[in-house]
>>> print(open('protein-v3.cif').read())   # mmCIF, C-alpha atoms and all ligand atoms
data_work
#
loop_
_atom_site.group_PDB
_atom_site.id
_atom_site.type_symbol
_atom_site.label_atom_id
_atom_site.label_comp_id
_atom_site.auth_asym_id
_atom_site.auth_seq_id
_atom_site.Cartn_x
_atom_site.Cartn_y
_atom_site.Cartn_z
ATOM 1 C CA MET I 15 -24.709 0.742 -51.782
ATOM 2 C CA ILE I 16 -22.756 2.522 -49.134
ATOM 3 C CA PHE I 17 -23.926 4.073 -45.906
ATOM 4 C CA LEU I 18 -23.683 7.863 -46.017
ATOM 5 C CA CYS I 19 -25.208 9.151 -42.804
ATOM 6 C CA LYS I 20 -28.260 9.067 -40.612
ATOM 7 C CA ALA I 21 -31.288 10.930 -41.888
ATOM 8 C CA VAL I 22 -31.352 13.070 -38.748
ATOM 9 C CA ASP I 23 -27.843 14.297 -39.589
ATOM 10 C CA VAL I 24 -29.010 16.109 -42.742
ATOM 11 C CA PRO I 25 -29.848 19.655 -41.662
ATOM 12 C CA VAL I 26 -33.140 21.095 -42.839
ATOM 13 C CA GLY I 27 -32.593 23.412 -45.783
ATOM 14 C CA ARG I 28 -28.890 22.655 -45.999
ATOM 15 C CA ALA I 29 -26.677 19.791 -47.088
ATOM 16 C CA LYS I 30 -24.649 17.205 -45.273
ATOM 17 C CA ARG I 31 -21.173 16.786 -46.742
ATOM 18 C CA ILE I 32 -19.840 13.239 -46.612
ATOM 19 C CA ALA I 33 -16.048 13.266 -46.768
ATOM 20 C CA ARG I 34 -14.596 9.996 -48.046
ATOM 21 C CA GLY I 35 -10.855 10.368 -47.581
ATOM 22 C CA ARG I 36 -9.167 10.362 -50.979
ATOM 23 C CA LYS I 37 -12.412 9.516 -52.722
ATOM 24 C CA PRO I 38 -14.692 12.293 -53.965
ATOM 25 C CA ALA I 39 -17.015 13.692 -51.306
ATOM 26 C CA VAL I 40 -20.776 13.295 -51.550
ATOM 27 C CA ALA I 41 -23.434 15.891 -50.748
ATOM 28 C CA VAL I 42 -26.717 14.736 -49.236
ATOM 29 C CA PHE I 43 -29.825 16.908 -49.468
ATOM 30 C CA GLU I 44 -33.376 16.582 -48.199
ATOM 31 C CA VAL I 45 -36.144 18.257 -50.155
ATOM 32 C CA GLY I 46 -39.722 17.792 -49.074
ATOM 33 C CA GLY I 47 -38.907 14.623 -47.201
ATOM 34 C CA VAL I 48 -36.976 13.062 -50.095
ATOM 35 C CA PHE I 49 -33.238 12.521 -49.836
ATOM 36 C CA HIS I 50 -30.832 13.110 -52.712
ATOM 37 C CA ALA I 51 -27.121 12.409 -53.039
ATOM 38 C CA THR I 52 -24.781 14.045 -55.536
ATOM 39 C CA ALA I 53 -21.099 14.522 -56.106
ATOM 40 C CA ASP I 54 -20.070 17.409 -53.885
ATOM 41 C CA GLN I 55 -17.773 19.105 -56.387
ATOM 42 C CA CYS I 56 -19.277 21.272 -59.106
ATOM 43 C CA THR I 57 -18.507 20.127 -62.651
ATOM 44 C CA HIS I 58 -17.558 23.691 -63.587
ATOM 45 C CA GLY I 59 -14.920 24.247 -60.931
ATOM 46 C CA THR I 60 -13.806 23.438 -57.436
ATOM 47 C CA ALA I 61 -16.825 24.754 -55.535
ATOM 48 C CA LEU I 62 -18.522 22.512 -53.004
ATOM 49 C CA LEU I 63 -22.171 22.041 -53.886
ATOM 50 C CA SER I 64 -22.951 21.133 -50.290
ATOM 51 C CA ARG I 65 -22.570 24.877 -49.709
ATOM 52 C CA GLY I 66 -25.040 25.689 -52.452
ATOM 53 C CA LYS I 67 -28.752 26.365 -52.320
ATOM 54 C CA ILE I 68 -31.731 24.448 -53.630
ATOM 55 C CA ILE I 69 -34.561 26.409 -55.194
ATOM 56 C CA ASP I 70 -37.463 24.562 -56.823
ATOM 57 C CA GLY I 71 -35.466 21.355 -57.167
ATOM 58 C CA VAL I 72 -32.480 23.101 -58.718
ATOM 59 C CA LEU I 73 -29.105 22.953 -56.994
ATOM 60 C CA ILE I 74 -27.291 26.272 -57.339
ATOM 61 C CA CYS I 75 -23.524 26.397 -57.105
ATOM 62 C CA PRO I 76 -22.224 28.901 -54.546
ATOM 63 C CA LEU I 77 -19.345 30.094 -56.732
ATOM 64 C CA HIS I 78 -20.682 31.181 -60.148
ATOM 65 C CA ALA I 79 -24.394 30.437 -59.649
ATOM 66 C CA GLY I 80 -24.497 27.735 -62.308
ATOM 67 C CA SER I 81 -27.040 25.056 -61.483
ATOM 68 C CA PHE I 82 -28.134 21.456 -61.839
ATOM 69 C CA ASP I 83 -31.359 19.496 -61.708
ATOM 70 C CA LEU I 84 -31.132 17.777 -58.332
ATOM 71 C CA VAL I 85 -32.859 14.609 -59.568
ATOM 72 C CA THR I 86 -31.154 14.056 -62.930
ATOM 73 C CA GLY I 87 -27.918 16.007 -62.488
ATOM 74 C CA ALA I 88 -28.484 17.743 -65.827
ATOM 75 C CA PRO I 89 -27.032 21.233 -66.057
ATOM 76 C CA VAL I 90 -29.735 23.905 -65.863
ATOM 77 C CA ASP I 91 -27.964 27.256 -65.864
ATOM 78 C CA PRO I 92 -24.559 28.265 -67.239
ATOM 79 C CA PRO I 93 -21.698 28.227 -66.766
ATOM 80 C CA CYS I 94 -22.416 24.593 -65.861
ATOM 81 C CA ASP I 95 -22.550 22.477 -69.006
ATOM 82 C CA GLU I 96 -21.390 19.087 -67.754
ATOM 83 C CA PRO I 97 -23.869 16.900 -65.852
ATOM 84 C CA LEU I 98 -23.446 16.348 -62.149
ATOM 85 C CA ALA I 99 -23.179 12.810 -60.798
ATOM 86 C CA VAL I 100 -26.323 11.898 -58.868
ATOM 87 C CA TYR I 101 -26.686 8.680 -56.919
ATOM 88 C CA ARG I 102 -29.705 6.502 -56.248
ATOM 89 C CA VAL I 103 -30.642 6.782 -52.580
ATOM 90 C CA GLU I 104 -32.356 4.366 -50.238
ATOM 91 C CA LEU I 105 -33.583 5.106 -46.757
ATOM 92 C CA ARG I 106 -33.225 2.072 -44.499
ATOM 93 C CA ASP I 107 -34.478 2.551 -40.963
ATOM 94 C CA ASP I 108 -33.020 6.010 -40.390
ATOM 95 C CA GLY I 109 -29.888 5.466 -42.484
ATOM 96 C CA ILE I 110 -29.231 6.968 -45.909
ATOM 97 C CA TYR I 111 -27.509 4.685 -48.392
ATOM 98 C CA ALA I 112 -26.553 5.467 -51.968
ATOM 99 C CA ASP I 113 -25.110 3.844 -55.082
ATOM 100 C CA VAL I 114 -21.877 5.784 -54.927
ATOM 101 C CA PRO I 115 -19.111 4.252 -57.067
ATOM 102 C CA ASP I 116 -16.074 3.120 -55.144
HETATM 103 S S1 LIG I 201 -17.679 26.342 -59.889
HETATM 104 FE FE1 LIG I 201 -19.818 25.892 -59.889
HETATM 105 S S2 LIG I 201 -20.641 27.233 -61.387
HETATM 106 FE FE2 LIG I 201 -18.519 27.641 -61.427
#
>>> encode(input="protein-v3.cif", output="structure tokens")
Amino acid sequence: MIFLCKAVDVPVGRAKRIARGRKPAVAVFEVGGVFHATADQCTHGTALLSRGKIIDGVLICPLHAGSFDLVTGAPVDPPCDEPLAVYRVELRDDGIYADVPD
């Protein structure tokens, strides 16, 4: 597991983007007190999902409004048809850690 950020750094109702140099960025979301981490790039294009919205547990891409289940990463609405990478999250003290591949 890698450290992503402190829980207090995830803005309410928005995402925290975790840049990782040359490695793919991660988006961290908080919904109802539960933290989620996903790949930041949409599987349909180059949009950053950290700029998207979450409605009823569905992450909506800001570019073409395709969407993903925030828990499973499964595509929900077209044009998204490839699953989104989602990472198991642990909250330790006030730090958010996730199983993000290296
Ligand atoms: S880039 Fe996300 S739906 Fe097209």
>>> closest_atom_pairs(input="protein-v3.cif", of="chain I", to="ligand LIG 201 (chain I)", cutoff="12 Å", atoms="only C-alpha atoms and all ligand atoms", output="JSON lines")
{"residue": "I:Asp54", "atom": "CA", "partner": "I:LIG201", "partner_atom": "FE1", "distance": 10.4}
{"residue": "I:Gln55", "atom": "CA", "partner": "I:LIG201", "partner_atom": "FE1", "distance": 7.9}
{"residue": "I:Cys56", "atom": "CA", "partner": "I:LIG201", "partner_atom": "FE1", "distance": 4.7}
{"residue": "I:Thr57", "atom": "CA", "partner": "I:LIG201", "partner_atom": "FE1", "distance": 6.5}
{"residue": "I:His58", "atom": "CA", "partner": "I:LIG201", "partner_atom": "S1", "distance": 4.6}
{"residue": "I:Gly59", "atom": "CA", "partner": "I:LIG201", "partner_atom": "S1", "distance": 3.6}
{"residue": "I:Thr60", "atom": "CA", "partner": "I:LIG201", "partner_atom": "S1", "distance": 5.4}
{"residue": "I:Ala61", "atom": "CA", "partner": "I:LIG201", "partner_atom": "S1", "distance": 4.7}
{"residue": "I:Leu62", "atom": "CA", "partner": "I:LIG201", "partner_atom": "FE1", "distance": 7.8}
{"residue": "I:Leu63", "atom": "CA", "partner": "I:LIG201", "partner_atom": "FE1", "distance": 7.5}
{"residue": "I:Ser64", "atom": "CA", "partner": "I:LIG201", "partner_atom": "FE1", "distance": 11.2}
{"residue": "I:Arg65", "atom": "CA", "partner": "I:LIG201", "partner_atom": "FE1", "distance": 10.6}
{"residue": "I:Gly66", "atom": "CA", "partner": "I:LIG201", "partner_atom": "FE1", "distance": 9.1}
{"residue": "I:Lys67", "atom": "CA", "partner": "I:LIG201", "partner_atom": "FE1", "distance": 11.7}
{"residue": "I:Leu73", "atom": "CA", "partner": "I:LIG201", "partner_atom": "FE1", "distance": 10.2}
{"residue": "I:Ile74", "atom": "CA", "partner": "I:LIG201", "partner_atom": "S2", "distance": 7.8}
{"residue": "I:Cys75", "atom": "CA", "partner": "I:LIG201", "partner_atom": "FE1", "distance": 4.7}
{"residue": "I:Pro76", "atom": "CA", "partner": "I:LIG201", "partner_atom": "FE1", "distance": 6.6}
{"residue": "I:Leu77", "atom": "CA", "partner": "I:LIG201", "partner_atom": "S1", "distance": 5.2}
{"residue": "I:His78", "atom": "CA", "partner": "I:LIG201", "partner_atom": "S2", "distance": 4.1}
{"residue": "I:Ala79", "atom": "CA", "partner": "I:LIG201", "partner_atom": "S2", "distance": 5.2}
{"residue": "I:Gly80", "atom": "CA", "partner": "I:LIG201", "partner_atom": "S2", "distance": 4.0}
{"residue": "I:Ser81", "atom": "CA", "partner": "I:LIG201", "partner_atom": "S2", "distance": 6.8}
{"residue": "I:Phe82", "atom": "CA", "partner": "I:LIG201", "partner_atom": "S2", "distance": 9.5}
{"residue": "I:Pro89", "atom": "CA", "partner": "I:LIG201", "partner_atom": "S2", "distance": 9.9}
{"residue": "I:Val90", "atom": "CA", "partner": "I:LIG201", "partner_atom": "S2", "distance": 10.7}
{"residue": "I:Asp91", "atom": "CA", "partner": "I:LIG201", "partner_atom": "S2", "distance": 8.6}
{"residue": "I:Pro92", "atom": "CA", "partner": "I:LIG201", "partner_atom": "S2", "distance": 7.1}
{"residue": "I:Pro93", "atom": "CA", "partner": "I:LIG201", "partner_atom": "S2", "distance": 5.6}
{"residue": "I:Cys94", "atom": "CA", "partner": "I:LIG201", "partner_atom": "S2", "distance": 5.5}
{"residue": "I:Asp95", "atom": "CA", "partner": "I:LIG201", "partner_atom": "S2", "distance": 9.2}
{"residue": "I:Glu96", "atom": "CA", "partner": "I:LIG201", "partner_atom": "S2", "distance": 10.4}
{"residue": "I:Pro97", "atom": "CA", "partner": "I:LIG201", "partner_atom": "FE1", "distance": 11.5}
{"residue": "I:Leu98", "atom": "CA", "partner": "I:LIG201", "partner_atom": "FE1", "distance": 10.5}
>>> resolve_selection(input="protein-v3.cif", expression="the PyMOL selection byres (((chain I and resi 110-116) around 8) and not hetatm)", output="ChimeraX atom specification")
/I:15-21,37,49,51,101-106,108-109
>>> write_last_selection(input="protein-v3.cif", atoms="C-alpha atoms", output="PDB file, keeping the file's coordinate frame")
ATOM      1  CA  MET I  15     -24.709   0.742 -51.782  1.00  0.00           C
ATOM      2  CA  ILE I  16     -22.756   2.522 -49.134  1.00  0.00           C
ATOM      3  CA  PHE I  17     -23.926   4.073 -45.906  1.00  0.00           C
ATOM      4  CA  LEU I  18     -23.683   7.863 -46.017  1.00  0.00           C
ATOM      5  CA  CYS I  19     -25.208   9.151 -42.804  1.00  0.00           C
ATOM      6  CA  LYS I  20     -28.260   9.067 -40.612  1.00  0.00           C
ATOM      7  CA  ALA I  21     -31.288  10.930 -41.888  1.00  0.00           C
ATOM      8  CA  LYS I  37     -12.412   9.516 -52.722  1.00  0.00           C
ATOM      9  CA  PHE I  49     -33.238  12.521 -49.836  1.00  0.00           C
ATOM     10  CA  ALA I  51     -27.121  12.409 -53.039  1.00  0.00           C
ATOM     11  CA  TYR I 101     -26.686   8.680 -56.919  1.00  0.00           C
ATOM     12  CA  ARG I 102     -29.705   6.502 -56.248  1.00  0.00           C
ATOM     13  CA  VAL I 103     -30.642   6.782 -52.580  1.00  0.00           C
ATOM     14  CA  GLU I 104     -32.356   4.366 -50.238  1.00  0.00           C
ATOM     15  CA  LEU I 105     -33.583   5.106 -46.757  1.00  0.00           C
ATOM     16  CA  ARG I 106     -33.225   2.072 -44.499  1.00  0.00           C
ATOM     17  CA  ASP I 108     -33.020   6.010 -40.390  1.00  0.00           C
ATOM     18  CA  GLY I 109     -29.888   5.466 -42.484  1.00  0.00           C
TER      19      GLY I 109
END
>>> atom_distance(input="protein-v3.cif", atom1="CA of Glu44 in chain I", atom2="CA of Ala88 in chain I")
18.3 Å
>>> atom_distance(input="protein-v3.cif", atom1="CA of Ile32 in chain I", atom2="CA of Val72 in chain I")
20.1 Å
>>> atom_distance(input="protein-v3.cif", atom1="CA of Val22 in chain I", atom2="CA of Ala53 in chain I")
20.2 Å
